[in-house]
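**Student:** Take this structure first; my questions come after.
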Amino acid sequence: MKFRPLHDRVVIRRLNAEEKTSGGIIIPDTAQEKPMEGEVVAAGTGVRNEAGHLVPLEVKAGDRVLFGKWSGTEVKIDGNELLIMKESDILGVIQAPAAAPKAAVVAPKAAVVAAKPAPKPAKPAAKPTKTTKKA
């Protein structure tokens, strides 16, 4: 693609929407909503502040972002459907999950037994009380 956005504009490719619900129901294309998640394909150089200094953009090519449902302008470049929007229309950047920690060390059996909750102490038996009538 030979397209470079200007100033604080970014070019975003929508990510494919899920075709199945969590219950396994397949959603037809006509009933699916457009995804609000995408990948930044290209970003402009930034915008100038009141002092005239160039403020670079927070996002860069390759970032996964969330944007408003009706944000941006849909364009078709080289047969690809893309969105062009200002950086301010982007709601946030989706961070990749941190690498999973290495396998946990198995604790010795004694430590596992000690980790179990202690049984509740038995309640003391109630003492029978005498009820006497006073005349």
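Within each chain, counting starts at residue 1; across the structure tokens, chains are named A, B, ... in the order shown, with ligands numbered 1 upward in that order.
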List the spatial neighbours of Thr73 of chain A as a list in words - criterion: any atom at most 10 Å away, only C-alpha atoms, same-chain residues fewer than 3 positions off excluded.

**Tutor:** Val11, Trp70, Leu82, Leu83, Ile84, Met85 and Lys86 of chain A

**Student:** I'd like the neighbourhood of Met36 of chain A as a list in words, where a residue qualifies if any of its atoms comes within 10 Å (using only C-alpha atoms), though same-chain residues fewer than 5 positions away should be ignored.

**Tutor:** Arg14, Leu15, Asn16, Ala17, Val65, Leu66, Phe67, Gly68, Lys69, Trp70, Ser71, Ile90 and Leu91 of chain A

**Student:** Hey, what's within 10 Å of Glu81 of chain A if we count only C-alpha atoms and toss same-chain stuff fewer than 4 positions away? As a list in words, please?

**Tutor:**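 Answer for this query is Ile12, Arg13, Arg14, Glu74, Val75, Lys76 and Ile77 of chain A.
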
**Student:** Extract the full set of strand (DSSP E or B) residues from segment 66-100 of chain A according to DSSP on the backbone, and format it as a ChimeraX atom specification.

**Tutor:** /A:66-67,73-77,80-86,90-94

**Student:** Convert the current residue selection to file output with C-alpha atoms, as a compact mmCIF listing (two decimals), in the first residue's frame.

**Tutor:**
# COMPACT_ATOMS: atom_id res chain seq x y z
CA LEU A 66 -10.52 -0.03 19.94
CA PHE A 67 -12.48 2.74 18.26
CA THR A 73 -14.17 7.31 7.07
CA GLU A 74 -14.36 4.02 5.18
CA VAL A 75 -12.11 3.87 2.11
CA LYS A 76 -10.96 1.17 -0.28
CA ILE A 77 -7.25 1.18 -1.12
CA ASN A 80 -8.59 -3.48 1.03
CA GLU A 81 -11.39 -1.92 3.07
CA LEU A 82 -9.77 0.46 5.56
CA LEU A 83 -10.75 3.23 7.96
CA ILE A 84 -9.10 6.64 8.16
CA MET A 85 -9.67 8.46 11.44
CA LYS A 86 -8.07 10.97 13.78
CA ILE A 90 -9.32 5.87 19.03
CA LEU A 91 -10.56 4.78 22.45
CA GLY A 92 -7.48 2.82 23.49
CA VAL A 93 -4.69 0.42 22.59
CA ILE A 94 -5.13 -3.28 23.36

**Student:** Do a neighbour search on Leu6 of chain A at 10 Å with only C-alpha atoms, toss out local chain neighbours closer than 2 positions, and write the hits as a count of residues only.

**Tutor:** 11

**Student:** Between A:His7, A:Gly23, A:Glu39, A:Asp78, single out the one closest to Pro56 of chain A, counting only C-alpha atoms.

**Tutor:**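 Once distances to Pro56 of chain A are computed over only C-alpha atoms, the minimum belongs to A:His7.
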
**Student:** From the options A:Asp89, A:Pro5, A:Val41, A:Gly24, which residue's atoms come nearest to Arg64 of chain A, counting only C-alpha atoms?

**Tutor:**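 That would be A:Val41, the residue with the smallest distance to Arg64 of chain A.
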